[in-house]
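Encoded as structure tokens, the structure appears first; notes follow it.
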Amino acid sequence: MNKQIAKKVLLIGWDAADWRVIHPLLDSGKMPALEKLVNQGVMGNLATLDPPLSPMLWTSIATGKTADHHGILGFTQPDPEGKGLQPVLSTSRKVKAIWNILTQEGIKTNVVGWWPGHPAEPVNGVYVSNFYSKMNTPMNMPNQLAPGTVYPERLRETLQELRVHPGELTAAHLEPFIPDAASIDQDKSQRLYTLAKIISGAATIHSAATYIMENEEWDFMAVYYDAIDHLGHAFMNFHPPRLAGIPGDLFELYKDVVNGGYIFHDMMLDRLLELAGEDTTVILISDHGFYSDDLRPKYIPRTPAGPALQHRPYGIISMKGAGIQQDESIFGATLLDITPTILHFFGLPVGEDMQGKPLIQALTQPCQPKYIPTWEAIPGECGMHPSELVRSPWAEQAALDQLIALGYIDPPEENIAKTIEKSVSESKYYLARVYLNAKKFTDALPLLEELVDRFPAESRYSMWLIECYLGLNRSRDGLRVVEAIRSDEDENPALDLFQGKLLLQEGKTSESLEYLRRVEKNDASLPGLSIDIGTVYLRLKQWKAAQIAFEAAVIIDSDSAPAHHGHGIALLRQQKYSEAADALLNAVGLRFFYPVAHLHFGEALAKLHHYERAVEALEVSLAQAPAMKKARTLLVEIYHRLNQPEKARQHQQFQKEDDVVVEGIGV
Amino acid sequence: MSNEFQAHTYEVPVEGSLGVLALGAVGILAWREKQKKEGYINPNENLFEKLSSDSAPKDEDLNE
């Protein structure tokens, strides 16, 4: 066992929290509790996964594994009796969560509100499921907790009384968000009610969490709040700066709601920090961000999970506690790193089958983590569910209603079989996207081909199939799909973009550029367009033009790692080594697992004669992609220069191996 | 009464507040106790019941 770094750990989840909203609030002193946390610890971006759907992401956070391993694939699942759908449940998770591992290690573990977390798991402590905050019955009717909401049963009655109903809230609760709430015509708008539901839901979770922290023993406590995400979906369009198309009166009415939500969470954070005490390690995270500026999507497609387009690919992380650096930034964290980090803090080994790594860069004295092959094979009572399923149809209905209201799922169709078929298809689609995100193109292909075959009218399935063909270097097949879904009458910038990329893959650079320029003319805001144009210029070795395109990409989204990477290559090839190194450092800072960017960073550093740092960058590149020949060749050269022939020889042994295709711009 | 105790004593407004909600369980229990003591009835209670029904208005003023 490693040295235990943390005595106690408090993990707080704020769904969809984003530094881009938080920074102005911190700067104006409106989030003092978070400011304290950040000043006493580290902060950084937390890269999300695709698809950015919360139940899948929070399960990845809790397991250190992607959805193809943990088994949570979307918002709903077929009812086991075949009569309809149910919200995705904790019983569908195929692997141990952090609370199961800690339970079997005898660590007192409490979980509140995790999604998906119903039915509550019999852990070594208290578990309150995410159904706890779902209330859709009037105040004057009994509001009984669904079976399976609270573990252990002895706390059921106490916690039931601590729930806050939306009807309990008064003007004093709502006017801080909407100062002119009294002017809203309640016969025409239910936005005030939406706000009341979200605030009462957060207060309910917070109420249970604080009660448990004060009255129950704990070494590990995880609390999940969904309100920032829900406020974003309901009110981000009114957030300043005012978006085109938002009526002035509505903007004035609702412009403070999102900021108000963050300030309320800061007040709750203050209380959690107070109850946790100084000797607790605190980790605050979000699963993804939320576009709050000019990148807010103009249109949300009315498809299942369409609102996820509003999710930005970077969430937040801030940690403080014993052994953690103070007032520092950390780079390269992903949400797969959270469970390995918590295990490392408790001095426990990390599973080699976990896909993240402990965030040792946050520590003052980093010690190397210990590993075991897998926690799944370690016997012991871990608090996972026995096989029988706890059912609670009406509470499930409340959870489904909320997902429908948020636009994440469609209302059920009259034909149950069709509804179930749709849900199963969506799960396959999400699984295919998980595979694509992991570059497992051959695994994604049969799923997408089946979906396109069965649902030819669903263009999003076809779009991802084209993406998959691109990944497999099957540009011919990709172009065939483009032609199949292109209709003569419409301009389709998204399809033009694909056509440009596919033609580029075929080596037809001029034709490719023609399509990309057409897209630029018709819809310059299309995500990734400037990056694609820049990539074409890199292939054409038009370095200055590439530089300009990637600079535009960085202006559009300064958190885009590929934009900084491409910018760095364009500068590198123009022998602007110092600027190139800065750009490439930005790229690997934003996305640590990025072997080809580390390679280019090492190359820029070598050109600047910073050989020791170049070695570090190239070693990282090789650690992430061991068969990357170019990095090894460069390392051999630098080790000779540094008069370290033994190390050069070690790398030379591998040089005969074939190169591999590595994601990124191979220029 | 010691200064330390006074520092943790809050006057809970009968209509509640975000600060009271942020206190968590102790705040909510104290607030309900205050409402009970003063016989407070929330004017919004019935309004929200109407809005939670199926016939609630839909906000169609934006092309979201």
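Each chain of the structure tokens is named A, B, ... in the order shown, its residues numbered from 1; ligands are numbered from 1 in display order.
Within 7 Å of chain B, counting only C-alpha atoms, chain A contributes Pro138, Leu162, Gly167, Glu168, Thr170, Ala172, His173, Asp187, Lys188, Ser189, Gln190, Tyr193, Ala203, His206, Ser207, Ala208, Thr210, Tyr211, Met267, Met268, Arg271, Tyr299 and Ile300 of chain A.
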For the residues in that selection, give me C-alpha atoms as an mmCIF file, in the first residue's frame.
```cif
data_model
loop_
_atom_site.group_PDB
_atom_site.id
_atom_site.type_symbol
_atom_site.label_atom_id
_atom_site.label_comp_id
_atom_site.auth_asym_id
_atom_site.auth_seq_id
_atom_site.Cartn_x
_atom_site.Cartn_y
_atom_site.Cartn_z
ATOM 1 C CA PRO A 138 -48.378 18.682 -5.349
ATOM 2 C CA LEU A 162 -35.410 17.266 4.538
ATOM 3 C CA GLY A 167 -43.920 25.183 -3.790
ATOM 4 C CA GLU A 168 -42.090 26.006 -0.564
ATOM 5 C CA THR A 170 -40.884 32.270 -1.955
ATOM 6 C CA ALA A 172 -37.021 35.731 -1.312
ATOM 7 C CA HIS A 173 -35.516 32.672 -3.019
ATOM 8 C CA ASP A 187 -50.376 32.146 -17.441
ATOM 9 C CA LYS A 188 -47.980 32.591 -20.328
ATOM 10 C CA SER A 189 -44.640 31.420 -19.001
ATOM 11 C CA GLN A 190 -43.486 28.668 -16.703
ATOM 12 C CA TYR A 193 -41.575 27.419 -12.043
ATOM 13 C CA ALA A 203 -31.464 22.592 -1.939
ATOM 14 C CA HIS A 206 -27.611 19.939 -0.235
ATOM 15 C CA SER A 207 -29.912 19.350 2.694
ATOM 16 C CA ALA A 208 -29.240 15.596 2.675
ATOM 17 C CA THR A 210 -25.131 18.523 5.066
ATOM 18 C CA TYR A 211 -27.244 16.338 7.342
ATOM 19 C CA MET A 267 -22.884 29.630 -0.871
ATOM 20 C CA MET A 268 -23.545 25.892 -0.632
ATOM 21 C CA ARG A 271 -21.169 25.343 3.943
ATOM 22 C CA TYR A 299 -29.988 26.132 -33.030
ATOM 23 C CA ILE A 300 -30.565 23.048 -30.877
#
```
Mind checking DSSP for region 516-662 of chain A and telling me the alpha helix (DSSP H) residues as a ChimeraX atom specification? /A:516-522,529-539,543-556,561-573,577-590,595-607,611-624,629-641,645-654
Length of the CA of Leu343 (chain A) to CA of Ala587 (chain A) vector [Å]: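 A separation of 28.2 Å between them.
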I'd like the contact shell of Leu529 (chain A) - 8 Å cut-off, only C-alpha atoms, skipping same-chain residues fewer than 6 positions apart - returned as a list in words. Leu497, Leu516, Val519, Glu520 and Ala553 of chain A
CA of Lys94 (chain A) sits from CA of His69 (chain A) at a separation of 7.4 Å
Computed interatomic separation between CA of Ile342 (chain A) and CA of Arg154 (chain A) (Å):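 Interatomic distance, CA of Ile342 (chain A) to CA of Arg154 (chain A): 28.6 Å.
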Where in region 19-243 of chain A does DSSP assign strand (DSSP E), given as a PyMOL selection string? chain A and resi 42-47+76-78+85-87+109-112+127-128+150-151+220-225
Neighbouring residues of Gly84 (chain A) were defined as those with any atom within 7 Å, considering only C-alpha atoms; residues of the same chain fewer than 2 positions away were excluded. Please report them as a PDB file with N, CA and C atoms, in the first residue's frame.
```
ATOM      1  N   PRO A  78     -34.456   0.104 -21.701  1.00  0.00           N
ATOM      2  CA  PRO A  78     -35.748  -0.578 -21.764  1.00  0.00           C
ATOM      3  C   PRO A  78     -36.133  -1.150 -20.399  1.00  0.00           C
ATOM      4  N   ASP A  79     -37.393  -1.012 -20.092  1.00  0.00           N
ATOM      5  CA  ASP A  79     -37.962  -1.618 -18.906  1.00  0.00           C
ATOM      6  C   ASP A  79     -37.761  -3.136 -19.010  1.00  0.00           C
ATOM      7  N   GLY A  82     -40.367  -5.118 -20.630  1.00  0.00           N
ATOM      8  CA  GLY A  82     -40.689  -4.833 -22.023  1.00  0.00           C
ATOM      9  C   GLY A  82     -41.891  -3.930 -22.198  1.00  0.00           C
ATOM     10  N   GLN A  86     -37.275   3.077 -18.817  1.00  0.00           N
ATOM     11  CA  GLN A  86     -37.009   3.547 -17.471  1.00  0.00           C
ATOM     12  C   GLN A  86     -35.732   4.383 -17.524  1.00  0.00           C
ATOM     13  N   ILE A 416     -45.285   1.377 -27.981  1.00  0.00           N
ATOM     14  CA  ILE A 416     -44.230   1.089 -27.002  1.00  0.00           C
ATOM     15  C   ILE A 416     -43.019   0.436 -27.668  1.00  0.00           C
ATOM     16  N   ILE A 420     -39.148   1.676 -27.471  1.00  0.00           N
ATOM     17  CA  ILE A 420     -38.033   0.857 -26.980  1.00  0.00           C
ATOM     18  C   ILE A 420     -36.958   0.730 -28.055  1.00  0.00           C
TER      19      ILE A 420
END
```
Could you pull the residues within 6 Å of Ile338 (chain A), counting only C-alpha atoms, minus those fewer than 3 positions along the same chain, as a ChimeraX atom specification? /A:61,335,341
Selection above as a file: N, CA, C and O atoms, as a tab-separated table (two decimals), in the first residue's frame:
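Now in again-v4.tsv:
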```
chain	number	residue	atom	x	y	z
A	61	ILE	N	-16.49	9.22	-14.38
A	61	ILE	CA	-15.80	9.87	-13.26
A	61	ILE	C	-15.70	8.89	-12.08
A	61	ILE	O	-14.65	8.76	-11.45
A	335	LEU	N	-11.65	13.59	-16.98
A	335	LEU	CA	-12.54	13.08	-15.94
A	335	LEU	C	-12.29	11.60	-15.64
A	335	LEU	O	-12.74	11.09	-14.61
A	341	THR	N	-7.15	9.16	-8.97
A	341	THR	CA	-6.59	10.16	-8.04
A	341	THR	C	-7.07	9.91	-6.61
A	341	THR	O	-6.28	9.95	-5.66
```
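Excluding Pro119 (chain A) and any residue on its chain fewer than 4 positions from it, the residues at most 7 Å away by only C-alpha atoms are Leu89, Ser90, Ser129, Gly148, Thr149 and Val390 of chain A.
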Those residues you just picked out, can you put them in a file as a PDB file, in the first residue's frame with N, CA and C atoms?
```pdb
ATOM      1  N   LEU A  89     -30.280   3.211 -14.629  1.00  0.00           N
ATOM      2  CA  LEU A  89     -30.191   2.927 -13.193  1.00  0.00           C
ATOM      3  C   LEU A  89     -28.783   2.474 -12.790  1.00  0.00           C
ATOM      4  N   SER A  90     -28.528   2.546 -11.486  1.00  0.00           N
ATOM      5  CA  SER A  90     -27.216   2.120 -10.978  1.00  0.00           C
ATOM      6  C   SER A  90     -26.982   0.631 -11.221  1.00  0.00           C
ATOM      7  N   SER A 129     -29.988   8.125  -3.399  1.00  0.00           N
ATOM      8  CA  SER A 129     -30.005   8.026  -4.868  1.00  0.00           C
ATOM      9  C   SER A 129     -30.409   9.343  -5.505  1.00  0.00           C
ATOM     10  N   GLY A 148     -35.846   2.200  -2.268  1.00  0.00           N
ATOM     11  CA  GLY A 148     -34.498   2.133  -2.829  1.00  0.00           C
ATOM     12  C   GLY A 148     -33.809   3.478  -2.936  1.00  0.00           C
ATOM     13  N   THR A 149     -34.444   4.531  -2.417  1.00  0.00           N
ATOM     14  CA  THR A 149     -33.824   5.860  -2.547  1.00  0.00           C
ATOM     15  C   THR A 149     -32.735   6.084  -1.502  1.00  0.00           C
ATOM     16  N   VAL A 390     -34.615  -3.334  -7.621  1.00  0.00           N
ATOM     17  CA  VAL A 390     -35.638  -2.581  -6.893  1.00  0.00           C
ATOM     18  C   VAL A 390     -36.379  -1.713  -7.893  1.00  0.00           C
TER      19      VAL A 390
END
```
